[in-house]
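Source file: coords-v2.cif. Holds: mmCIF, C-alpha atoms.
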```cif
data_model
#
loop_
_atom_site.label_atom_id
_atom_site.label_comp_id
_atom_site.auth_asym_id
_atom_site.auth_seq_id
_atom_site.Cartn_x
_atom_site.Cartn_y
_atom_site.Cartn_z
CA MET A 287 35.67 -166.07 -268.80
CA ARG A 288 35.88 -169.30 -270.75
CA ILE A 289 33.31 -170.11 -273.43
CA ARG A 290 32.02 -173.08 -271.45
CA ASP A 291 31.53 -170.82 -268.41
CA VAL A 292 29.39 -168.47 -270.51
CA TRP A 293 27.48 -171.46 -271.86
CA GLN A 294 26.91 -172.78 -268.34
CA ARG A 295 25.58 -169.44 -267.12
CA LEU A 296 23.42 -169.08 -270.21
CA VAL A 297 21.94 -172.59 -270.30
CA THR A 298 22.23 -174.28 -266.93
CA ILE A 299 21.85 -171.42 -264.44
CA GLY A 300 18.50 -169.86 -265.17
CA ALA A 301 18.64 -167.68 -262.09
CA ASP A 302 21.50 -165.72 -263.63
CA LEU A 303 19.21 -164.68 -266.48
CA GLY A 304 16.35 -163.53 -264.32
CA THR A 305 14.16 -166.61 -264.11
CA ASN A 306 13.69 -166.38 -260.37
CA GLY A 307 14.21 -164.20 -257.32
CA THR A 308 15.86 -160.80 -257.42
CA PRO A 309 17.19 -161.07 -261.02
CA ARG A 310 13.69 -161.76 -262.33
CA ARG A 311 12.26 -158.81 -260.42
CA THR A 312 15.10 -156.62 -261.69
CA PHE A 313 14.31 -157.57 -265.28
CA LEU A 314 10.55 -157.12 -264.92
CA PHE A 315 10.74 -153.81 -263.04
CA THR A 316 13.24 -152.37 -265.50
CA LEU A 317 11.20 -153.62 -268.44
CA GLY A 318 8.11 -151.97 -266.97
CA ALA A 319 9.95 -148.69 -266.50
CA VAL A 320 11.35 -148.82 -270.03
CA ALA A 321 7.90 -149.56 -271.45
CA VAL A 322 6.30 -146.64 -269.60
CA VAL A 323 9.07 -144.14 -270.36
CA GLY A 324 9.28 -145.35 -273.96
CA ALA A 325 5.55 -144.94 -274.43
CA PHE A 326 5.76 -141.41 -273.08
CA ILE A 327 8.67 -140.50 -275.39
CA ASN A 328 6.94 -142.04 -278.42
CA THR A 329 3.76 -140.13 -277.62
CA LEU A 330 5.77 -136.92 -277.56
CA GLY A 331 7.24 -138.00 -280.90
CA VAL A 332 3.76 -138.28 -282.40
CA ILE A 333 2.80 -134.84 -281.10
CA SER A 334 6.06 -133.26 -282.33
CA THR A 335 5.74 -134.83 -285.78
CA LEU A 336 2.15 -133.63 -286.20
CA HIS A 337 3.13 -130.18 -285.00
CA ALA A 338 5.97 -129.98 -287.55
CA ASN A 339 3.80 -131.48 -290.32
CA PRO A 340 0.19 -130.38 -289.71
CA ARG A 341 -0.96 -131.81 -293.04
CA LEU A 342 0.34 -135.27 -292.20
CA SER A 343 -2.22 -137.97 -291.47
CA VAL A 344 -2.31 -138.71 -287.74
CA ILE A 345 -2.15 -142.45 -288.38
CA GLU A 346 1.35 -142.32 -289.87
CA PRO A 347 3.31 -140.99 -286.86
CA ILE A 348 1.26 -143.34 -284.67
CA ILE A 349 2.43 -146.24 -286.85
CA TRP A 350 6.06 -145.06 -286.75
CA GLU A 351 6.22 -144.42 -283.03
CA GLY A 352 4.05 -147.40 -282.11
CA SER A 353 6.20 -149.78 -284.17
CA SER A 354 9.33 -148.38 -282.56
CA TRP A 355 7.89 -148.89 -279.06
CA ILE A 356 6.74 -152.47 -279.77
CA THR A 357 10.10 -153.58 -281.15
CA LEU A 358 12.03 -151.77 -278.41
CA VAL A 359 10.15 -153.72 -275.74
CA SER A 360 10.28 -156.96 -277.75
CA PHE A 361 14.09 -156.97 -278.08
CA PHE A 362 14.81 -155.55 -274.63
CA TRP A 363 15.77 -159.04 -273.43
CA ILE A 364 18.98 -158.93 -275.51
CA ALA A 365 20.34 -156.14 -273.30
CA TRP A 366 19.39 -158.10 -270.18
CA VAL A 367 21.18 -161.26 -271.30
CA ALA A 368 24.33 -159.26 -272.05
CA TYR A 369 24.10 -157.54 -268.65
CA CYS A 370 23.87 -160.89 -266.87
CA LEU A 371 26.71 -162.53 -268.78
CA ALA A 372 29.21 -159.67 -268.87
CA PRO A 373 32.03 -160.16 -266.31
CA PRO A 374 31.95 -157.17 -263.92
CA ASN A 375 35.73 -156.71 -263.69
CA ARG A 376 36.93 -157.49 -267.20
CA LEU A 377 36.47 -154.52 -269.54
CA SER A 378 37.71 -156.38 -272.62
CA TRP A 379 35.25 -159.23 -272.08
CA ARG A 380 32.43 -156.81 -271.33
CA LEU A 381 33.04 -155.03 -274.63
CA LEU A 382 33.28 -158.37 -276.41
CA LEU A 383 29.77 -159.18 -275.18
CA HIS A 384 28.16 -155.75 -275.23
CA ILE A 385 29.20 -154.67 -278.73
CA PRO A 386 27.55 -157.64 -280.52
CA ALA A 387 24.63 -157.46 -278.10
CA LEU A 388 24.13 -153.79 -278.98
CA LEU A 389 24.27 -154.59 -282.69
CA ALA A 390 21.80 -157.46 -282.24
CA PHE A 391 19.45 -155.20 -280.27
CA ALA A 392 19.71 -152.43 -282.88
CA VAL A 393 19.15 -154.78 -285.81
CA GLY A 394 16.16 -156.33 -284.07
CA HIS A 395 14.72 -152.96 -283.13
CA ILE A 396 15.26 -151.31 -286.53
CA GLY A 397 14.37 -154.40 -288.56
CA GLY A 398 11.24 -155.05 -286.52
CA PHE A 399 10.26 -151.40 -286.83
CA VAL A 400 10.58 -151.51 -290.63
CA LEU A 401 8.64 -154.78 -290.93
CA LEU A 402 5.79 -153.51 -288.73
CA CYS A 403 5.60 -150.27 -290.67
CA LYS A 404 5.55 -152.13 -293.98
CA ALA A 405 2.80 -154.41 -292.66
CA ALA A 406 0.73 -151.47 -291.41
CA TYR A 407 1.13 -149.54 -294.66
CA PHE A 408 0.32 -152.65 -296.68
CA ALA A 409 -2.90 -153.04 -294.69
CA MET A 410 -3.78 -149.47 -295.71
CA GLY A 411 -2.99 -150.20 -299.37
CA ARG A 412 0.19 -148.14 -299.29
CA HIS A 413 3.94 -148.75 -299.41
CA TYR A 414 6.45 -147.84 -296.67
CA VAL A 415 10.04 -147.02 -297.62
CA PHE A 416 12.86 -146.85 -295.07
CA ALA A 417 15.02 -144.36 -296.95
CA PRO A 418 17.64 -143.19 -297.31
CA PHE A 419 18.53 -146.61 -295.85
CA TRP A 420 22.06 -146.19 -294.49
CA GLU A 421 21.53 -142.67 -293.22
CA SER A 422 18.34 -143.75 -291.43
CA PHE A 423 20.00 -146.92 -290.15
CA PHE A 424 23.00 -145.18 -288.58
CA TYR A 425 20.76 -142.49 -287.11
CA SER A 426 18.64 -145.20 -285.48
CA LEU A 427 21.77 -147.10 -284.42
CA GLY A 428 23.04 -144.06 -282.53
CA ARG A 429 19.74 -143.71 -280.70
CA ASP A 430 19.73 -147.42 -279.88
CA ALA A 431 23.30 -147.21 -278.54
CA LEU A 432 22.21 -144.45 -276.16
CA ALA A 433 19.16 -146.48 -275.12
CA TYR A 434 21.38 -149.54 -274.54
CA VAL A 435 23.64 -147.59 -272.18
CA VAL A 436 20.58 -146.34 -270.31
CA PHE A 437 19.35 -149.94 -270.01
CA MET A 438 22.64 -151.02 -268.40
CA ALA A 439 22.45 -148.19 -265.88
CA ALA A 440 18.80 -148.98 -265.15
CA PHE A 441 19.60 -152.65 -264.52
CA GLY A 442 22.32 -151.76 -262.03
CA PHE A 443 20.20 -149.16 -260.26
CA THR A 444 17.15 -151.44 -259.97
CA LEU A 445 19.21 -154.39 -258.77
CA SER A 446 20.87 -152.22 -256.13
CA LEU A 447 17.51 -151.00 -254.82
CA LEU A 448 16.08 -154.52 -254.64
CA ARG A 449 19.10 -155.87 -252.79
CA GLN A 450 18.90 -153.05 -250.26
CA GLN A 451 15.24 -153.88 -249.63
CA GLN A 452 16.03 -157.57 -249.20
CA ALA A 453 19.02 -157.08 -246.91
CA PRO A 454 18.09 -158.84 -243.67
CA ALA A 455 17.77 -156.66 -240.64
CA PRO A 456 20.65 -157.27 -238.25
CA GLN A 457 19.60 -159.80 -235.66
CA PRO A 458 20.33 -159.03 -232.00
CA LEU A 459 23.13 -161.21 -230.67
CA THR A 460 22.08 -163.49 -227.86
CA PHE A 461 23.78 -165.97 -225.57
CA ASP A 462 22.25 -169.01 -223.94
CA ILE A 463 23.04 -169.42 -220.26
CA ARG A 464 22.24 -173.01 -219.36
CA ASP A 465 21.92 -174.37 -215.86
CA GLY A 466 20.95 -178.00 -216.10
CA THR A 467 17.64 -178.12 -217.98
CA LYS A 468 17.00 -174.43 -217.42
CA LEU A 469 17.91 -172.00 -220.20
CA ASN A 470 18.16 -168.24 -220.03
CA ARG A 471 18.61 -166.51 -223.37
CA VAL A 472 20.03 -163.03 -222.86
CA MET A 473 21.27 -160.27 -225.12
CA ILE A 474 25.06 -160.29 -225.20
CA GLU A 475 25.11 -156.54 -224.75
CA THR A 476 23.31 -156.96 -221.40
CA ILE A 477 26.15 -159.08 -219.99
CA LEU A 478 28.49 -156.85 -217.98
CA ALA A 479 30.97 -159.46 -216.84
CA VAL A 480 31.48 -163.17 -216.17
CA SER A 481 33.26 -164.51 -213.10
CA SER A 482 34.55 -167.93 -212.23
CA ALA A 483 32.79 -169.67 -209.34
CA GLY A 484 34.31 -173.13 -208.93
CA ASN A 485 32.92 -175.39 -211.65
CA TYR A 486 30.46 -172.68 -212.59
CA ALA A 487 30.61 -169.30 -214.24
CA GLU A 488 28.45 -166.46 -212.95
CA PHE A 489 27.06 -163.93 -215.45
CA VAL A 490 26.41 -160.44 -214.13
CA LEU A 491 23.69 -158.68 -216.14
CA ARG A 492 22.81 -155.01 -216.48
CA ASP A 493 19.48 -155.51 -214.72
CA GLY A 494 21.27 -156.84 -211.60
CA ARG A 495 20.58 -160.52 -212.19
CA ARG A 496 23.32 -163.07 -211.63
CA LEU A 497 22.92 -166.29 -213.60
CA CYS A 498 25.10 -169.35 -213.26
CA MET A 499 26.22 -171.81 -215.90
CA ARG A 500 28.33 -174.93 -215.57
CA SER A 501 31.35 -174.03 -217.69
CA SER A 502 34.96 -173.05 -217.41
CA LEU A 503 35.90 -169.41 -217.84
CA SER A 504 38.39 -170.36 -220.57
CA ALA A 505 35.65 -171.96 -222.66
CA LEU A 506 33.42 -168.92 -222.25
CA GLU A 507 36.33 -166.65 -223.17
CA ARG A 508 36.66 -168.43 -226.52
CA GLU A 509 32.93 -167.99 -227.18
CA LEU A 510 32.61 -164.40 -226.05
CA ALA A 511 35.93 -162.93 -227.24
CA PRO A 512 34.54 -162.27 -230.77
CA HIS A 513 31.82 -160.17 -229.13
CA GLY A 514 34.20 -157.83 -227.34
CA PHE A 515 34.81 -159.66 -224.04
CA VAL A 516 38.32 -159.56 -222.60
CA ARG A 517 40.00 -161.56 -219.85
CA THR A 518 41.05 -159.09 -217.14
CA HIS A 519 41.79 -161.53 -214.33
CA ARG A 520 42.11 -165.25 -213.91
CA SER A 521 38.58 -165.16 -212.55
CA TRP A 522 36.95 -162.45 -214.69
CA LEU A 523 35.78 -161.70 -218.22
CA VAL A 524 34.58 -158.17 -218.97
CA ASN A 525 32.37 -156.72 -221.68
CA ALA A 526 34.65 -153.99 -223.04
CA ALA A 527 31.70 -152.02 -224.42
CA ALA A 528 30.19 -151.75 -220.92
CA VAL A 529 33.28 -150.35 -219.18
CA THR A 530 32.67 -146.91 -217.64
CA ALA A 531 35.88 -146.38 -215.67
CA LEU A 532 39.48 -147.56 -215.23
CA ASN A 533 40.94 -146.73 -211.81
CA PRO A 534 44.61 -147.52 -211.00
CA GLU A 535 45.17 -149.30 -207.70
CA GLY A 536 48.96 -149.41 -207.59
CA SER A 537 51.49 -152.04 -208.67
CA GLY A 538 49.96 -152.02 -212.17
CA ASP A 539 46.55 -153.31 -211.12
CA TYR A 540 43.29 -151.52 -211.96
CA ALA A 541 39.70 -151.51 -210.85
CA ILE A 542 37.24 -151.60 -213.76
CA GLY A 543 33.98 -149.76 -213.37
CA LEU A 544 30.93 -151.27 -215.07
CA GLY A 545 28.23 -149.01 -213.71
CA ALA A 546 27.67 -150.10 -210.13
CA LEU A 547 29.86 -153.17 -210.59
CA THR A 548 33.62 -153.13 -209.94
CA VAL A 549 35.86 -155.82 -211.46
CA PRO A 550 39.62 -156.31 -211.01
CA LEU A 551 42.14 -155.90 -213.83
CA SER A 552 45.37 -157.71 -213.03
CA ARG A 553 48.74 -156.44 -214.21
CA ARG A 554 49.25 -159.95 -215.60
CA PHE A 555 46.81 -159.04 -218.41
CA PRO A 556 48.43 -156.04 -220.14
CA GLU A 557 46.66 -156.86 -223.43
CA ALA A 558 43.31 -156.41 -221.71
CA LEU A 559 44.37 -153.02 -220.37
CA ALA A 560 45.45 -151.91 -223.85
CA LYS A 561 42.14 -153.05 -225.36
CA LEU A 562 40.06 -151.35 -222.71
CA ARG A 563 42.00 -148.10 -223.09
CA ALA A 564 41.60 -148.23 -226.86
CA ASN A 565 37.90 -148.94 -226.53
#
```
Translate the structure of the given file into C-alpha cells.
Amino acid sequence: MRIRDVWQRLVTIGADLGTNGTPRRTFLFTLGAVAVVGAFINTLGVISTLHANPRLSVIEPIIWEGSSWITLVSFFWIAWVAYCLAPPNRLSWRLLLHIPALLAFAVGHIGGFVLLCKAAYFAMGRHYVFAPFWESFFYSLGRDALAYVVFMAAFGFTLSLLRQQQAPAPQPLTFDIRDGTKLNRVMIETILAVSSAGNYAEFVLRDGRRLCMRSSLSALERELAPHGFVRTHRSWLVNAAAVTALNPEGSGDYAIGLGALTVPLSRRFPEALAKLRAN
C-alpha cells in the first residue's frame, strides 16, 4: 500500500474509518462492549486490591482502576484506525501499522492513567508516584498488547455479525411474459417448458396455464439459459430442474417427463441430454 493510498483512506474516505454505515456501527458496538467488559474487570480489580490490602483506603484502588478504564476507552480509537488501514493480505504492512499503533495506544493509556492519578492525588493533597517506572511501564505494555489483540478480534467478529444481518435475503427470480400490453410476471421455477408457436412462444407453467409471448425461441433461450433452461428440440426449451423422467424412444431420441407434461428431446441436441442426465 502506497503512502498516498493510506493518506486517501485516512483523510478522504471517512466511511473507511467508521463515520457511517456498518463500519460506524462496528466501532460503536465494539467500543460499548469494551467499555462494559473493562468496567467489570476494573471493578474486580478494586475488589481484589482491597481484599489483598484491607488497610488500604477504598478511594485509591478506585482511582487506579477508574483512571485505567477512562484512558482505555479514550484511546480505543487508535486500535480502530489501525484496523481500518491495515491491508488484510499483507502481513509486513499490517505489522508496520499495528506495531506503532500498539505503542501509541499503550503510551496514551499508560500516560493518561498516570496523569489522571496524579491529578486525583493532587486534589486529595497527596502525591502519586508511578514506580518503579520501567518495570511498571513494561508490565502495563504487556497488558495493553493483549488488550490490543483482543480489540482486533472483536472488530472482526462484530463486523462479521453486522454484515450477516445486513445480507439481503435472496430475491425470487421472476420472468415477465408480455403479450401486447398485458404482462404476466411468473416465478422462473414455475415455468416447466417453452415451445415455439409461429411468431410466438408458449410458456407451460406448473399450474397448467399456458401463456404466450411474441418472441423467438432463440431469444428466450439466451435469457433463460442462465437459469437452467436447455434447448432439447428446435421447438422446445426445458427447465432442467423440473425434469422428472427421461424415456428413450429409439434412434437416439428421448421423451422428457415434466410431471404430466411430455416434451421431445432430439438426438440433434446431445449437449442437452448430457445436462439433463447430470442434473
Compile the contact shell of Tyr434 of chain A as an NGL selection string: residues with an atom at most 12 Å away, counting all atoms listed in the file, same-chain residues fewer than 5 positions apart removed. :A and (320 or 358 or 361-366 or 368-369 or 384-392 or 395 or 427-429 or 439-441)
Any chance you could resolve the PyMOL selection byres ((chain A and resi 554) around 9) against this file and give the residues as a list in words? Thr518, His519, Gly538, Asp539, Leu551, Ser552, Arg553, Phe555, Pro556 and Glu557 of chain A
Test item: residues at most 10 Å from Glu346 of chain A, all atoms listed in the file, excluding those fewer than 5 positions along its chain, as an NGL selection string: :A and (332 or 335-336 or 351-352 or 403 or 406-407)
Output of the PyMOL selection byres ((chain A and resi 460-473) around 8), listed as a count of residues only: 10
Run the PyMOL selection byres ((chain A and resi 356) around 10) against the file shown and list the residues it catches, as an mmCIF file with C-alpha atoms, in the coordinates of the input.
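Output below, filename selection-v5.cif:
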```
data_model
loop_
_atom_site.group_PDB
_atom_site.id
_atom_site.type_symbol
_atom_site.label_atom_id
_atom_site.label_comp_id
_atom_site.auth_asym_id
_atom_site.auth_seq_id
_atom_site.Cartn_x
_atom_site.Cartn_y
_atom_site.Cartn_z
ATOM 1 C CA ALA A 321 7.900 -149.560 -271.450
ATOM 2 C CA GLY A 324 9.280 -145.350 -273.960
ATOM 3 C CA ALA A 325 5.550 -144.940 -274.430
ATOM 4 C CA GLU A 351 6.220 -144.420 -283.030
ATOM 5 C CA GLY A 352 4.050 -147.400 -282.110
ATOM 6 C CA SER A 353 6.200 -149.780 -284.170
ATOM 7 C CA SER A 354 9.330 -148.380 -282.560
ATOM 8 C CA TRP A 355 7.890 -148.890 -279.060
ATOM 9 C CA THR A 357 10.100 -153.580 -281.150
ATOM 10 C CA LEU A 358 12.030 -151.770 -278.410
ATOM 11 C CA VAL A 359 10.150 -153.720 -275.740
ATOM 12 C CA SER A 360 10.280 -156.960 -277.750
ATOM 13 C CA PHE A 361 14.090 -156.970 -278.080
ATOM 14 C CA HIS A 395 14.720 -152.960 -283.130
ATOM 15 C CA GLY A 398 11.240 -155.050 -286.520
ATOM 16 C CA PHE A 399 10.260 -151.400 -286.830
ATOM 17 C CA LEU A 402 5.790 -153.510 -288.730
#
```
Is it possible to add all heavy atoms to segment 491-502 of chain A and hand it back as a short mmCIF file (atom, residue, chain, number, x, y, z; two decimals), in the frame of the given file?
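Saved the output as rebuild-v2.cif:
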```
data_model
loop_
_atom_site.label_atom_id
_atom_site.label_comp_id
_atom_site.auth_asym_id
_atom_site.auth_seq_id
_atom_site.Cartn_x
_atom_site.Cartn_y
_atom_site.Cartn_z
N LEU A 491 24.43 -159.38 -215.10
CA LEU A 491 23.69 -158.68 -216.14
C LEU A 491 23.41 -157.24 -215.73
O LEU A 491 23.49 -156.87 -214.56
CB LEU A 491 22.37 -159.41 -216.42
CG LEU A 491 22.48 -160.91 -216.75
CD1 LEU A 491 21.11 -161.47 -217.10
CD2 LEU A 491 23.47 -161.14 -217.87
N ARG A 492 23.07 -156.42 -216.72
CA ARG A 492 22.81 -155.01 -216.48
C ARG A 492 21.65 -154.78 -215.52
O ARG A 492 21.63 -153.81 -214.77
CB ARG A 492 22.50 -154.30 -217.80
CG ARG A 492 23.68 -154.13 -218.73
CD ARG A 492 23.29 -153.33 -219.96
NE ARG A 492 24.37 -153.26 -220.93
CZ ARG A 492 25.32 -152.34 -220.93
NH1 ARG A 492 25.31 -151.40 -219.98
NH2 ARG A 492 26.28 -152.33 -221.85
N ASP A 493 20.66 -155.69 -215.57
CA ASP A 493 19.48 -155.51 -214.72
C ASP A 493 19.71 -156.00 -213.30
O ASP A 493 18.78 -156.05 -212.49
CB ASP A 493 18.28 -156.21 -215.35
CG ASP A 493 18.49 -157.71 -215.54
OD1 ASP A 493 19.50 -158.25 -215.05
OD2 ASP A 493 17.65 -158.34 -216.22
N GLY A 494 20.95 -156.41 -212.96
CA GLY A 494 21.27 -156.84 -211.60
C GLY A 494 21.19 -158.33 -211.40
O GLY A 494 21.64 -158.83 -210.36
N ARG A 495 20.67 -159.07 -212.36
CA ARG A 495 20.58 -160.52 -212.19
C ARG A 495 21.96 -161.16 -212.27
O ARG A 495 22.85 -160.67 -212.97
CB ARG A 495 19.68 -161.13 -213.27
CG ARG A 495 18.20 -160.85 -213.09
CD ARG A 495 17.39 -161.58 -214.16
NE ARG A 495 17.73 -161.09 -215.51
CZ ARG A 495 17.43 -161.77 -216.61
NH1 ARG A 495 16.81 -162.94 -216.53
NH2 ARG A 495 17.73 -161.26 -217.80
N ARG A 496 22.11 -162.26 -211.57
CA ARG A 496 23.32 -163.07 -211.63
C ARG A 496 22.91 -164.50 -211.95
O ARG A 496 22.24 -165.15 -211.14
CB ARG A 496 24.10 -163.00 -210.31
CG ARG A 496 24.70 -161.61 -210.05
CD ARG A 496 25.39 -161.53 -208.70
NE ARG A 496 26.01 -160.22 -208.49
CZ ARG A 496 27.31 -159.97 -208.65
NH1 ARG A 496 28.13 -160.95 -209.02
NH2 ARG A 496 27.80 -158.75 -208.44
N LEU A 497 23.31 -164.97 -213.11
CA LEU A 497 22.92 -166.29 -213.60
C LEU A 497 24.15 -167.17 -213.69
O LEU A 497 25.22 -166.73 -214.12
CB LEU A 497 22.26 -166.18 -214.97
CG LEU A 497 21.03 -165.26 -215.06
CD1 LEU A 497 20.55 -165.18 -216.49
CD2 LEU A 497 19.92 -165.78 -214.15
N CYS A 498 23.98 -168.41 -213.27
CA CYS A 498 25.10 -169.35 -213.26
C CYS A 498 24.99 -170.35 -214.40
O CYS A 498 23.89 -170.72 -214.84
CB CYS A 498 25.16 -170.09 -211.93
SG CYS A 498 25.68 -169.04 -210.55
N MET A 499 26.15 -170.82 -214.83
CA MET A 499 26.22 -171.81 -215.90
C MET A 499 27.41 -172.71 -215.64
O MET A 499 28.50 -172.24 -215.27
CB MET A 499 26.37 -171.11 -217.25
CG MET A 499 26.56 -172.03 -218.43
SD MET A 499 26.64 -171.07 -219.98
CE MET A 499 26.99 -172.37 -221.16
N ARG A 500 27.23 -173.99 -215.81
CA ARG A 500 28.33 -174.93 -215.57
C ARG A 500 29.28 -174.87 -216.77
O ARG A 500 29.00 -175.41 -217.85
CB ARG A 500 27.80 -176.34 -215.36
CG ARG A 500 28.87 -177.34 -214.91
CD ARG A 500 28.27 -178.71 -214.66
NE ARG A 500 29.27 -179.64 -214.17
CZ ARG A 500 29.62 -179.79 -212.90
NH1 ARG A 500 29.03 -179.05 -211.98
NH2 ARG A 500 30.55 -180.66 -212.54
N SER A 501 30.39 -174.19 -216.60
CA SER A 501 31.35 -174.03 -217.69
C SER A 501 32.62 -173.43 -217.12
O SER A 501 32.60 -172.72 -216.10
CB SER A 501 30.79 -173.13 -218.79
OG SER A 501 31.76 -172.87 -219.78
N SER A 502 33.72 -173.68 -217.80
CA SER A 502 34.96 -173.05 -217.41
C SER A 502 35.02 -171.65 -218.00
O SER A 502 34.41 -171.37 -219.04
CB SER A 502 36.17 -173.87 -217.89
OG SER A 502 36.24 -173.83 -219.32
#
```
